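S.K.: So here's input-v8.cif (mmCIF, C-alpha atoms).
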```cif
data_run
#
loop_
_atom_site.label_atom_id
_atom_site.label_comp_id
_atom_site.auth_asym_id
_atom_site.auth_seq_id
_atom_site.Cartn_x
_atom_site.Cartn_y
_atom_site.Cartn_z
CA MET A 9 105.09 125.32 146.22
CA ALA A 10 107.45 122.72 144.76
CA LEU A 11 106.74 119.02 145.11
CA PRO A 12 109.17 116.14 145.66
CA THR A 13 110.14 114.22 142.54
CA LEU A 14 108.32 110.89 142.33
CA ILE A 15 110.24 107.72 141.37
CA VAL A 16 108.42 104.44 140.67
CA GLU A 17 110.55 101.43 139.74
CA LEU A 18 109.75 97.83 138.92
CA ASP A 19 111.95 94.78 139.48
CA LEU A 20 111.47 92.79 136.29
CA GLY A 21 113.87 89.96 137.09
CA SER A 22 113.40 87.37 134.36
CA ALA A 23 110.60 84.98 133.54
CA GLY A 24 112.54 81.98 134.79
CA ASP A 25 113.60 83.51 138.13
CA SER A 26 111.77 83.09 141.36
CA ILE A 27 109.23 85.89 141.72
CA TYR A 28 110.36 86.13 145.34
CA ASP A 29 113.89 87.27 144.50
CA GLY A 30 114.76 90.16 146.76
CA VAL A 31 112.90 88.64 149.69
CA GLY A 32 114.10 85.06 149.75
CA VAL A 33 110.84 83.46 150.85
CA TYR A 34 110.31 80.19 148.96
CA ASP A 35 113.38 80.97 146.88
CA SER A 36 114.98 77.60 147.58
CA GLY A 37 118.05 76.63 145.65
CA GLU A 38 119.11 80.17 144.91
CA ALA A 39 121.36 82.60 146.70
CA TYR A 40 119.72 85.79 147.92
CA ASP A 41 119.19 88.00 144.90
CA PRO A 42 118.43 91.63 145.80
CA ALA A 43 115.80 93.29 143.68
CA ALA A 44 117.26 95.15 140.72
CA PHE A 45 114.36 97.58 140.09
CA SER A 46 115.61 97.92 136.54
CA ALA A 47 112.47 99.49 135.01
CA ASP A 48 111.73 103.12 135.84
CA ILE A 49 108.02 103.48 135.05
CA THR A 50 107.49 106.91 136.61
CA GLN A 51 106.55 108.67 133.37
CA TRP A 52 103.46 106.46 132.94
CA VAL A 53 102.10 107.04 136.46
CA ARG A 54 98.81 108.96 136.46
CA ASN A 55 98.05 108.73 140.16
CA TRP A 56 99.07 106.66 143.15
CA ASN A 57 98.54 106.17 146.84
CA THR A 58 100.02 104.17 149.71
CA ARG A 59 98.78 103.14 153.13
CA ARG A 60 100.80 101.57 155.93
CA GLY A 61 100.19 101.00 159.62
CA THR A 62 96.97 101.13 161.57
CA GLN A 63 94.47 103.60 162.97
CA ARG A 64 94.90 103.02 166.69
CA GLU A 65 97.54 101.53 168.95
CA LEU A 66 95.47 98.54 170.13
CA GLN A 67 95.11 97.31 166.55
CA ARG A 68 97.75 95.11 164.97
CA VAL A 69 99.44 96.41 161.86
CA GLU A 70 98.15 94.63 158.79
CA ALA A 71 99.74 94.42 155.35
CA GLY A 72 100.55 97.81 153.83
CA THR A 73 98.95 98.49 150.46
CA ALA A 74 99.47 100.74 147.48
CA SER A 75 97.71 101.47 144.22
CA ILE A 76 99.29 102.86 141.04
CA THR A 77 97.32 103.79 137.94
CA LEU A 78 99.46 103.54 134.79
CA ASP A 79 98.86 104.93 131.31
CA ASN A 80 98.65 101.81 129.15
CA ARG A 81 97.65 103.26 125.80
CA SER A 82 100.82 101.79 124.31
CA GLY A 83 100.06 98.35 125.78
CA ARG A 84 103.42 98.14 127.54
CA PHE A 85 101.77 97.06 130.82
CA THR A 86 99.64 94.32 129.26
CA PRO A 87 101.28 91.07 130.44
CA GLN A 88 100.35 89.10 127.29
CA ASN A 89 101.60 91.75 124.87
CA THR A 90 104.66 90.24 123.22
CA SER A 91 105.64 93.68 121.90
CA SER A 92 105.93 95.13 125.41
CA PRO A 93 109.52 95.95 126.43
CA TYR A 94 108.73 94.14 129.69
CA TYR A 95 107.38 90.91 128.18
CA PRO A 96 107.28 88.21 129.58
CA ASN A 97 108.16 89.54 133.02
CA LEU A 98 104.95 91.31 134.05
CA LEU A 99 104.03 88.65 136.58
CA PRO A 100 102.12 88.71 139.84
CA MET A 101 104.33 89.34 142.89
CA ARG A 102 106.99 91.31 141.06
CA GLN A 103 108.55 93.81 143.41
CA ILE A 104 107.90 97.51 142.99
CA ARG A 105 109.05 100.52 144.97
CA ILE A 106 107.96 104.12 145.33
CA ARG A 107 110.49 106.76 146.30
CA ALA A 108 110.69 110.54 146.43
CA THR A 109 113.59 112.92 145.86
CA TRP A 110 113.72 116.24 147.67
CA ASN A 111 116.74 118.57 147.83
CA SER A 112 118.95 115.88 146.26
CA THR A 113 118.01 113.28 148.88
CA THR A 114 115.96 110.22 147.97
CA TYR A 115 113.48 108.84 150.51
CA PRO A 116 111.76 105.43 150.38
CA ILE A 117 107.98 105.70 150.49
CA PHE A 118 106.74 102.15 149.89
CA GLN A 119 108.08 98.80 148.71
CA GLY A 120 105.96 95.79 147.96
CA PHE A 121 104.66 93.26 145.45
CA VAL A 122 102.28 93.62 142.50
CA GLU A 123 99.26 91.39 143.09
CA SER A 124 97.55 91.94 139.75
CA TRP A 125 97.79 93.73 136.37
CA PRO A 126 94.14 94.56 135.52
CA ALA A 127 93.54 96.57 132.36
CA THR A 128 90.49 98.83 131.99
CA PHE A 129 89.27 101.01 129.12
CA PRO A 130 87.69 104.26 130.43
CA GLY A 131 85.38 105.84 127.89
CA GLY A 132 86.14 103.08 125.44
CA VAL A 133 89.18 104.97 124.11
CA ASP A 134 91.54 105.26 127.05
CA GLN A 135 93.49 102.34 128.51
CA VAL A 136 94.95 102.09 132.01
CA VAL A 137 96.35 99.42 134.31
CA THR A 138 95.79 99.94 138.02
CA LEU A 139 98.28 97.96 140.04
CA SER A 140 97.23 96.48 143.36
CA ILE A 141 100.34 96.29 145.57
CA VAL A 142 100.91 94.73 148.99
CA ASP A 143 103.94 94.73 151.27
CA GLY A 144 105.88 91.77 152.66
CA PHE A 145 103.32 90.95 155.33
CA LYS A 146 101.43 89.07 152.63
CA LEU A 147 104.36 86.70 152.15
CA LEU A 148 104.67 86.19 155.89
CA SER A 149 100.94 85.50 156.19
CA LEU A 150 101.09 82.83 153.48
CA ALA A 151 104.22 81.08 154.76
CA ALA A 152 103.46 78.25 157.22
CA VAL A 153 105.94 77.47 160.00
CA SER A 154 106.42 74.11 161.70
CA GLY A 155 109.00 73.28 164.34
CA SER A 156 109.95 73.58 167.99
CA PHE A 157 111.30 76.80 169.42
CA PRO A 158 112.88 77.21 172.89
CA GLN A 159 111.99 79.73 175.56
CA GLN A 160 113.75 82.85 174.35
CA GLY A 161 113.67 86.62 174.11
CA SER A 162 110.99 88.19 171.92
CA GLY A 163 113.53 89.55 169.43
CA ALA A 164 115.26 86.19 169.21
CA ARG A 165 111.91 84.51 168.47
CA VAL A 166 111.14 87.02 165.71
CA THR A 167 114.56 86.32 164.22
CA ALA A 168 114.01 82.56 164.41
CA ILE A 169 110.66 82.77 162.62
CA LEU A 170 112.08 84.97 159.87
CA ASP A 171 114.98 82.54 159.48
CA ALA A 172 112.50 79.66 159.23
CA VAL A 173 110.78 81.22 156.21
CA GLY A 174 114.02 82.38 154.58
CA TRP A 175 113.57 86.12 155.05
CA PRO A 176 117.02 87.64 154.38
CA ALA A 177 118.96 89.10 157.29
CA ALA A 178 119.68 92.18 155.17
CA ASP A 179 115.96 92.94 154.99
CA ARG A 180 115.13 93.15 158.68
CA THR A 181 115.74 95.40 161.67
CA ILE A 182 114.95 93.45 164.84
CA ALA A 183 115.14 94.84 168.37
CA THR A 184 116.21 92.62 171.25
CA GLY A 185 112.92 93.23 173.04
CA ASN A 186 112.17 93.10 176.75
CA SER A 187 109.94 90.03 177.08
CA THR A 188 110.72 86.33 177.30
CA VAL A 189 108.36 84.13 175.32
CA PRO A 190 107.65 80.46 176.11
CA ALA A 191 108.91 77.40 174.33
CA ILE A 192 106.45 76.30 171.68
CA THR A 193 105.92 73.72 168.95
CA LEU A 194 104.22 75.11 165.86
CA THR A 195 102.50 73.01 163.22
CA ASN A 196 101.63 74.79 159.99
CA VAL A 197 101.10 78.12 161.72
CA SER A 198 101.20 81.31 159.67
CA ALA A 199 104.54 83.04 160.23
CA LEU A 200 102.79 86.40 160.47
CA GLN A 201 100.27 85.12 163.00
CA HIS A 202 103.01 83.96 165.37
CA LEU A 203 105.11 87.07 164.83
CA GLN A 204 102.11 89.21 165.77
CA ASP A 205 101.52 87.08 168.86
CA ILE A 206 105.11 87.87 169.88
CA GLU A 207 104.56 91.55 169.10
CA HIS A 208 101.55 91.60 171.44
CA ALA A 209 103.42 89.85 174.25
CA GLU A 210 106.28 92.32 173.87
CA GLY A 211 104.03 95.36 173.75
CA GLY A 212 106.06 96.67 170.81
CA ARG A 213 105.45 97.08 167.09
CA LEU A 214 105.97 94.80 164.08
CA PHE A 215 105.67 96.31 160.60
CA ILE A 216 107.14 96.46 157.12
CA GLY A 217 109.10 99.69 156.79
CA ARG A 218 108.91 102.13 153.93
CA ASP A 219 112.07 100.44 152.54
CA GLY A 220 110.46 96.98 152.52
CA LYS A 221 112.30 95.66 155.61
CA VAL A 222 110.69 93.86 158.54
CA ASN A 223 110.88 96.05 161.65
CA PHE A 224 110.39 94.80 165.21
CA VAL A 225 110.41 97.55 167.82
CA GLY A 226 110.61 96.69 171.52
CA ARG A 227 108.28 98.29 174.04
CA TYR A 228 111.02 100.44 175.59
CA ASP A 229 112.83 101.36 172.36
CA THR A 230 111.02 104.64 171.68
CA LEU A 231 110.10 105.70 175.20
CA ILE A 232 112.65 108.46 175.64
CA ALA A 233 111.27 111.52 173.88
CA PRO A 234 113.54 112.93 171.16
CA SER A 235 114.18 116.56 170.43
CA PHE A 236 110.92 117.52 168.78
CA GLY A 237 112.29 120.53 166.85
CA PHE A 238 111.93 119.01 163.38
CA ARG A 239 109.13 116.64 164.44
CA THR A 240 106.61 119.27 165.53
CA TRP A 241 103.32 120.13 163.82
CA THR A 242 101.51 123.21 165.10
CA ASP A 243 98.81 125.71 164.15
CA SER A 244 100.89 128.65 165.41
CA GLY A 245 103.34 128.95 162.52
CA PRO A 246 107.14 128.50 162.22
CA PRO A 247 109.42 127.00 163.36
CA GLY A 248 106.98 124.05 163.55
CA MET A 249 105.38 122.46 160.52
CA SER A 250 101.77 123.32 159.74
CA TYR A 251 98.87 120.94 159.16
CA ARG A 252 95.70 121.17 157.09
CA ASP A 253 93.61 119.41 159.68
CA ILE A 254 93.77 117.21 162.76
CA ALA A 255 91.28 114.65 164.09
CA LEU A 256 90.45 115.40 167.71
CA VAL A 257 88.67 112.44 169.32
CA PHE A 258 86.91 111.90 172.66
CA ASP A 259 84.83 108.72 172.51
CA ASP A 260 84.27 105.28 174.02
CA GLN A 261 85.99 103.18 171.38
CA LEU A 262 89.08 102.27 173.40
CA ILE A 263 87.54 101.78 176.84
CA VAL A 264 88.71 98.56 178.52
CA ASN A 265 87.63 97.99 182.12
CA ASP A 266 87.60 94.18 182.21
CA ALA A 267 90.69 92.43 180.81
CA ARG A 268 90.65 88.62 180.82
CA LEU A 269 93.93 87.22 179.52
CA THR A 270 95.30 83.68 179.50
CA ARG A 271 98.73 82.46 178.50
CA THR A 272 99.23 79.10 176.81
CA GLY A 273 98.97 76.51 179.59
CA GLY A 274 98.15 79.13 182.19
CA THR A 275 95.21 80.29 184.29
CA GLN A 276 93.05 83.22 183.23
CA GLN A 277 94.16 86.50 184.79
CA VAL A 278 91.57 89.23 185.30
CA ALA A 279 91.95 92.96 185.89
CA THR A 280 88.93 95.23 186.38
CA ASN A 281 88.01 98.82 187.16
CA SER A 282 84.65 99.05 188.94
CA ILE A 283 84.34 102.83 188.65
CA SER A 284 84.75 102.62 184.87
CA GLN A 285 82.25 99.75 184.70
CA THR A 286 79.69 101.82 186.58
CA ARG A 287 80.16 104.78 184.24
CA TYR A 288 80.36 103.00 180.89
CA GLY A 289 79.19 99.44 181.42
CA ILE A 290 81.44 96.39 181.33
CA ARG A 291 83.91 96.61 178.45
CA SER A 292 85.68 93.24 178.25
CA LEU A 293 88.85 92.33 176.41
CA VAL A 294 89.32 88.55 176.27
CA GLU A 295 92.49 86.98 174.88
CA GLY A 296 93.99 83.51 174.98
CA ASP A 297 97.41 82.04 174.10
CA VAL A 298 99.23 85.15 175.32
CA GLN A 299 102.91 84.45 174.68
CA LEU A 300 104.30 85.20 178.15
CA ILE A 301 105.94 82.69 180.48
CA THR A 302 104.20 83.33 183.83
CA ASP A 303 100.71 84.13 185.02
CA ASN A 304 102.10 87.13 186.93
CA GLN A 305 103.32 88.64 183.67
CA VAL A 306 99.91 88.09 182.10
CA LEU A 307 98.23 89.72 185.08
CA ASP A 308 100.60 92.68 184.75
CA LEU A 309 99.60 93.03 181.11
CA ALA A 310 95.91 92.91 182.02
CA ASN A 311 96.46 95.55 184.73
CA GLU A 312 98.32 97.76 182.28
CA LEU A 313 95.52 97.60 179.71
CA VAL A 314 92.86 98.48 182.26
CA SER A 315 94.98 101.24 183.78
CA LYS A 316 95.50 102.86 180.39
CA TYR A 317 92.04 102.42 178.91
CA ALA A 318 89.51 102.42 181.76
CA GLU A 319 88.76 106.10 181.11
CA PRO A 320 88.47 107.88 177.74
CA VAL A 321 90.96 110.66 177.07
CA LEU A 322 90.92 113.55 174.64
CA ARG A 323 93.21 112.39 171.83
CA ILE A 324 94.62 113.67 168.59
CA GLU A 325 94.31 110.67 166.29
CA GLY A 326 94.83 112.08 162.81
CA LEU A 327 97.10 114.61 161.15
CA ALA A 328 96.82 115.94 157.60
CA ASP A 329 100.19 117.47 156.82
CA ASN A 330 100.53 120.78 154.96
CA ALA A 331 103.93 120.39 153.31
CA LEU A 332 102.56 122.29 150.29
CA GLY A 333 102.44 125.24 152.69
CA HIS A 334 105.40 124.79 155.02
CA GLY A 335 107.73 123.24 152.42
CA LEU A 336 109.64 121.08 154.93
CA TRP A 337 109.26 117.90 152.93
CA GLU A 338 112.43 116.39 154.36
CA ASN A 339 110.83 116.28 157.81
CA VAL A 340 107.73 114.57 156.42
CA LEU A 341 109.24 112.06 154.00
CA GLU A 342 111.61 110.56 156.55
CA ARG A 343 108.91 109.76 159.10
CA GLU A 344 108.30 106.11 159.95
CA LEU A 345 105.80 104.10 161.96
CA ARG A 346 106.41 104.27 165.72
CA ASP A 347 108.27 107.59 165.40
CA ARG A 348 107.66 110.08 168.20
CA VAL A 349 106.27 113.45 167.08
CA LEU A 350 104.70 116.47 168.77
CA ILE A 351 101.35 117.94 167.68
CA ILE A 352 100.11 121.27 169.06
CA LYS A 353 96.60 122.66 168.77
CA HIS A 354 95.28 126.00 170.11
CA PRO A 355 91.49 125.51 170.32
CA VAL A 356 89.40 128.67 170.51
CA GLY A 357 88.29 129.29 174.10
CA SER A 358 90.31 126.37 175.42
CA SER A 359 93.81 125.70 176.69
CA THR A 360 96.59 124.58 174.37
CA LEU A 361 96.60 120.89 173.53
CA SER A 362 100.11 119.54 173.10
CA GLN A 363 100.27 115.82 172.38
CA ASP A 364 103.47 113.78 172.41
CA SER A 365 102.51 111.13 169.88
CA TYR A 366 103.45 107.87 168.24
CA ILE A 367 102.90 107.57 164.50
CA GLU A 368 100.59 104.58 163.99
CA GLY A 369 99.87 104.93 160.26
CA ILE A 370 101.17 106.86 157.24
CA SER A 371 99.40 107.41 153.92
CA HIS A 372 100.54 109.19 150.74
CA GLU A 373 98.38 110.27 147.83
CA GLY A 374 99.34 111.99 144.62
CA PRO A 375 100.74 113.74 142.85
CA GLY A 376 97.81 114.91 140.80
CA GLY A 377 96.64 118.44 140.14
CA GLY A 378 99.63 119.85 141.98
CA GLU A 379 98.91 117.82 145.12
CA TRP A 380 100.89 115.40 147.24
CA ARG A 381 99.00 114.65 150.42
CA VAL A 382 100.47 112.98 153.48
CA THR A 383 98.24 111.93 156.35
CA MET A 384 99.17 110.19 159.61
CA ASN A 385 97.33 108.28 162.29
CA VAL A 386 98.76 109.00 165.71
CA SER A 387 98.24 107.93 169.32
CA PRO A 388 99.17 109.77 172.53
CA ALA A 389 102.50 108.61 173.94
CA ASP A 390 102.12 110.58 177.15
CA ALA A 391 98.88 108.82 178.12
CA GLU A 392 100.84 105.73 179.11
CA ALA A 393 102.18 104.67 182.48
CA TRP A 394 104.38 101.67 181.92
CA PHE A 395 104.09 98.57 184.06
CA VAL A 396 107.20 96.46 184.56
CA TRP A 397 105.88 93.02 183.71
CA GLY A 398 106.77 90.28 186.16
CA THR A 399 107.17 92.75 189.04
CA SER A 400 104.69 94.63 191.20
CA ARG A 401 105.50 98.22 190.39
CA TRP A 402 104.71 101.00 187.98
CA ASP A 403 107.83 102.40 186.36
CA ILE A 404 106.79 105.93 185.45
CA ASP A 405 110.37 107.19 185.41
CA THR A 406 111.45 104.54 182.89
CA ARG A 407 108.40 105.32 180.79
CA TRP A 408 109.34 108.97 180.55
CA GLY A 409 113.09 108.51 180.26
CA ARG A 410 113.66 110.31 183.56
#
```
Represent the structure of the file as structure tokens.
M.R.:
Amino acid sequence: MALPTLIVELDLGSAGDSIYDGVGVYDSGEAYDPAAFSADITQWVRNWNTRRGTQRELQRVEAGTASITLDNRSGRFTPQNTSSPYYPNLLPMRQIRIRATWNSTTYPIFQGFVESWPATFPGGVDQVVTLSIVDGFKLLSLAAVSGSFPQQGSGARVTAILDAVGWPAADRTIATGNSTVPAITLTNVSALQHLQDIEHAEGGRLFIGRDGKVNFVGRYDTLIAPSFGFRTWTDSGPPGMSYRDIALVFDDQLIVNDARLTRTGGTQQVATNSISQTRYGIRSLVEGDVQLITDNQVLDLANELVSKYAEPVLRIEGLADNALGHGLWENVLERELRDRVLIIKHPVGSSTLSQDSYIEGISHEGPGGGEWRVTMNVSPADAEAWFVWGTSRWDIDTRWGR
């Protein structure tokens, strides 16, 4: 079975330029300078992998990472080698991107920044450089924000924070959101920390996309199920895509039956489920500085968490794609975090399990030995009943798009 064509490109810039060109953070005094990615280094790639997202929906997305092992027998990837065609521009935090071409269409896979250029000498005769790469969350985690921000919508706050650290408007896709966050004065607070606080209050997702852009998805933005025709993985053959394996989980790891949440300046709000506590013991989730504007909204959030997680559910949490078998690479390569997909399993001696799912994490590995492996972490979308925060009702119809 044919594989996509790998493309790995490096933005060399020049030694005197800001190493943050193409992102804008800390690039004071210069106009926004999109990355050029002038050096195609694909032919020297021996192996590579990427990882973005998270394992489960209650975890915040952390910085995406990648690793690329390069053949360095010529010394071209040794930063101090004056004979290298890339000298003197092999610096930490140079941008790099990984893409794939399939059927004449090119798909972004990962875009980030080279943290280090370590050379090793396997067997005493070989020479490789294994790049450690991280996405833009690292820049946002290192950038401190100070200033006063008004009460505003969650999407507007995300935009304001990105503006404060100079993240270019061209490199972000920000939803309006459905929550209002309180006025706040920040003093040397990590931009990423506050953005993730807003993400939690919204009940949405914040992540760096496969194209390097900041994405903020509101809690209602992906609730209406799409047509799953080209987003279906099944063990029953075409027209769905096949998988090599799935992770079927039924455990206690996500049980929450005692949620104790407090907004900044508010009173602790508590939601409990006594039946769940009797069965599994008290499982407390305690959080402070929740970025919502009323105690009622915080109580709604606590009630939602307990309603969703008081009882364990049978979940599909992992998917190992089998594109080497089904050949539908276009349906795999275009997938993004928070996409809705359908996964079907026919267990022996049991009823069919069909899980409407959110993609929580995506990993690529390869190619090497004729392999290109794609794995995904997923969570059940249809396990949720959605509470309308600030009201007193469950909005099941809105949750399902009915």
S.K.: What's the 10 Å shell around Leu322 of chain A, counting all atoms listed in the file, without same-chain residues fewer than 4 positions away, as a ChimeraX atom specification?
M.R.: /A:256-259,361,363,388,391
S.K.: In the coordinate frame of the file, compute which residues have an atom within 12 Å of (119.3, 86.4, 171.8) when using all atoms listed in the file, and state them as a list in words.
M.R.: Pro158, Gln159, Gln160, Gly161, Ser162, Gly163, Ala164, Arg165, Val166, Thr167, Ala168, Ile182, Ala183, Thr184, Gly185, Asn186, Ser187, Thr188 and Val189 of chain A
S.K.: Of the candidates A:Ala191, A:Arg102, A:Leu203, A:Arg81, which shows the shortest atom-to-atom distance to Ile301 of chain A, using all atoms listed in the file?
M.R.: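 Comparing A:Ala191, A:Arg102, A:Leu203, A:Arg81 against Ile301 of chain A, the winner is A:Ala191.
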S.K.: I need the residue nearest Pro116 of chain A from this list: A:Met101, A:Leu14, A:Arg291, A:Ile367. Use all atoms listed in the file for the distance.
M.R.: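 With all atoms listed in the file as the atom set, the closest residue is A:Leu14.
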S.K.: Got a sec to resolve the PyMOL selection byres ((chain A and resi 104) around 10) on this structure and send the residues as a list in words?
M.R.: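 Given this file, the PyMOL selection byres ((chain A and resi 104) around 10) evaluates to Val16, Glu17, Leu18, Asp19, Leu20, Ala43, Ala44, Phe45, Ala47, Asp48, Ile49, Met101, Arg102, Gln103, Arg105, Ile106, Phe118, Gln119, Gly120, Phe121, Val122, Ile141, Val142, Asp143 and Gly220 of chain A.
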S.K.: Could those residues be written to a file, using C-alpha atoms, as a PDB file, in the coordinates of the input?
M.R.:
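What ended up in part-v8.pdb:
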```pdb
ATOM      1  CA  VAL A  16     108.420 104.440 140.670  1.00  0.00           C
ATOM      2  CA  GLU A  17     110.550 101.430 139.740  1.00  0.00           C
ATOM      3  CA  LEU A  18     109.750  97.830 138.920  1.00  0.00           C
ATOM      4  CA  ASP A  19     111.950  94.780 139.480  1.00  0.00           C
ATOM      5  CA  LEU A  20     111.470  92.790 136.290  1.00  0.00           C
ATOM      6  CA  ALA A  43     115.800  93.290 143.680  1.00  0.00           C
ATOM      7  CA  ALA A  44     117.260  95.150 140.720  1.00  0.00           C
ATOM      8  CA  PHE A  45     114.360  97.580 140.090  1.00  0.00           C
ATOM      9  CA  ALA A  47     112.470  99.490 135.010  1.00  0.00           C
ATOM     10  CA  ASP A  48     111.730 103.120 135.840  1.00  0.00           C
ATOM     11  CA  ILE A  49     108.020 103.480 135.050  1.00  0.00           C
ATOM     12  CA  MET A 101     104.330  89.340 142.890  1.00  0.00           C
ATOM     13  CA  ARG A 102     106.990  91.310 141.060  1.00  0.00           C
ATOM     14  CA  GLN A 103     108.550  93.810 143.410  1.00  0.00           C
ATOM     15  CA  ARG A 105     109.050 100.520 144.970  1.00  0.00           C
ATOM     16  CA  ILE A 106     107.960 104.120 145.330  1.00  0.00           C
ATOM     17  CA  PHE A 118     106.740 102.150 149.890  1.00  0.00           C
ATOM     18  CA  GLN A 119     108.080  98.800 148.710  1.00  0.00           C
ATOM     19  CA  GLY A 120     105.960  95.790 147.960  1.00  0.00           C
ATOM     20  CA  PHE A 121     104.660  93.260 145.450  1.00  0.00           C
ATOM     21  CA  VAL A 122     102.280  93.620 142.500  1.00  0.00           C
ATOM     22  CA  ILE A 141     100.340  96.290 145.570  1.00  0.00           C
ATOM     23  CA  VAL A 142     100.910  94.730 148.990  1.00  0.00           C
ATOM     24  CA  ASP A 143     103.940  94.730 151.270  1.00  0.00           C
ATOM     25  CA  GLY A 220     110.460  96.980 152.520  1.00  0.00           C
TER      26      GLY A 220
END
```
S.K.: Residue by residue, what does the PyMOL selection byres ((chain A and resi 117) around 12) grab here? Present the result as a ChimeraX atom specification.
M.R.: /A:12-17,56-60,72-74,104-109,114-116,118-120,143,216-220,340-345,370-373,382
S.K.: Residues as selected, C-alpha atoms, written as a compact mmCIF listing (two decimals), keeping the file's coordinate frame, can you do that?
M.R.:
```
# COMPACT_ATOMS: atom_id res chain seq x y z
CA PRO A 12 109.17 116.14 145.66
CA THR A 13 110.14 114.22 142.54
CA LEU A 14 108.32 110.89 142.33
CA ILE A 15 110.24 107.72 141.37
CA VAL A 16 108.42 104.44 140.67
CA GLU A 17 110.55 101.43 139.74
CA TRP A 56 99.07 106.66 143.15
CA ASN A 57 98.54 106.17 146.84
CA THR A 58 100.02 104.17 149.71
CA ARG A 59 98.78 103.14 153.13
CA ARG A 60 100.80 101.57 155.93
CA GLY A 72 100.55 97.81 153.83
CA THR A 73 98.95 98.49 150.46
CA ALA A 74 99.47 100.74 147.48
CA ILE A 104 107.90 97.51 142.99
CA ARG A 105 109.05 100.52 144.97
CA ILE A 106 107.96 104.12 145.33
CA ARG A 107 110.49 106.76 146.30
CA ALA A 108 110.69 110.54 146.43
CA THR A 109 113.59 112.92 145.86
CA THR A 114 115.96 110.22 147.97
CA TYR A 115 113.48 108.84 150.51
CA PRO A 116 111.76 105.43 150.38
CA PHE A 118 106.74 102.15 149.89
CA GLN A 119 108.08 98.80 148.71
CA GLY A 120 105.96 95.79 147.96
CA ASP A 143 103.94 94.73 151.27
CA ILE A 216 107.14 96.46 157.12
CA GLY A 217 109.10 99.69 156.79
CA ARG A 218 108.91 102.13 153.93
CA ASP A 219 112.07 100.44 152.54
CA GLY A 220 110.46 96.98 152.52
CA VAL A 340 107.73 114.57 156.42
CA LEU A 341 109.24 112.06 154.00
CA GLU A 342 111.61 110.56 156.55
CA ARG A 343 108.91 109.76 159.10
CA GLU A 344 108.30 106.11 159.95
CA LEU A 345 105.80 104.10 161.96
CA ILE A 370 101.17 106.86 157.24
CA SER A 371 99.40 107.41 153.92
CA HIS A 372 100.54 109.19 150.74
CA GLU A 373 98.38 110.27 147.83
CA VAL A 382 100.47 112.98 153.48
```
S.K.: Would you kindly identify which residues have an atom no farther than 7 Å from (100.8, 99.1, 169.3), using only C-alpha atoms and the file's own coordinates, and write them out as an mmCIF file with C-alpha atoms, in the frame of the given file?
M.R.:
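out35.cif was written with the following content:
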```cif
data_model
loop_
_atom_site.group_PDB
_atom_site.id
_atom_site.type_symbol
_atom_site.label_atom_id
_atom_site.label_comp_id
_atom_site.auth_asym_id
_atom_site.auth_seq_id
_atom_site.Cartn_x
_atom_site.Cartn_y
_atom_site.Cartn_z
ATOM 1 C CA GLU A 65 97.540 101.530 168.950
ATOM 2 C CA LEU A 66 95.470 98.540 170.130
ATOM 3 C CA GLN A 67 95.110 97.310 166.550
ATOM 4 C CA ARG A 68 97.750 95.110 164.970
ATOM 5 C CA GLY A 211 104.030 95.360 173.750
ATOM 6 C CA GLY A 212 106.060 96.670 170.810
ATOM 7 C CA ARG A 213 105.450 97.080 167.090
#
```
S.K.: Return the single residue from A:Asn311, A:Gln135, A:Ser387, A:Ser235 that is closest to Arg268 of chain A, with distances computed using all atoms listed in the file.
M.R.: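 Of the candidates, the smallest distance to Arg268 of chain A is held by A:Asn311.
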S.K.: Considering all atoms listed in the file, state which residue in the set A:Ala389, A:Val278, A:Val306, A:Ile76 is at the smallest distance from Ile232 of chain A.
M.R.: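 Closest to Ile232 of chain A, using all atoms listed in the file: A:Ala389.
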S.K.: If we count all atoms listed in the file and set the cut-off at 6 Å, which residues sit around Ser140 of chain A, ignoring sequence neighbours fewer than 5 positions away in its own chain? Please answer as a ChimeraX atom specification.
M.R.: /A:75,122-124
S.K.: Rounded to one decimal in Å, what is the spacing between atom CA of Thr230 of chain A and atom CA of Gly174 of chain A?
M.R.: 28.2 Å
S.K.: Would you kindly return, as a ChimeraX atom specification, each protein, DNA or RNA residue with an atom no farther than 7 Å from any atom of Asn265 of chain A, considering all atoms listed in the file and excluding same-chain residues fewer than 2 positions away?
M.R.: /A:263,267,280-281,284-285,290-292,314,318
S.K.: Pick from A:Pro355, A:Pro100, A:Pro93, A:Gly333: nearest to Arg252 of chain A, with all atoms listed in the file counted?
M.R.: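 Smallest distance to Arg252 of chain A is found for A:Gly333.
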S.K.: Have a look at A:Asp134, A:Glu295, A:Asp179, A:Asp243 and name the one nearest to Thr270 of chain A; count all atoms listed in the file.
M.R.: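 The shortest atom-to-atom distance to Thr270 of chain A comes from A:Glu295.
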S.K.: Record the distance separating atom CA of Arg227 of chain A and atom CA of Glu210 of chain A, expressed in Å with one decimal.
M.R.: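 Going from atom CA of Arg227 of chain A over to atom CA of Glu210 of chain A covers 6.3 Å.
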S.K.: One decimal, in Å: what's the spacing between atom CA of Arg271 of chain A and atom CA of Gln305 of chain A?
M.R.: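 These two atoms are separated by 9.3 Å.
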S.K.: Name all residues at most 10 Å from Ala10 of chain A (count all atoms listed in the file; drop same-chain ones fewer than 3 positions away) and give them as a list in words.
M.R.: Thr13, Trp110, Ala331, Leu332, Gly333, Gly335, Trp337, Gly378 and Glu379 of chain A
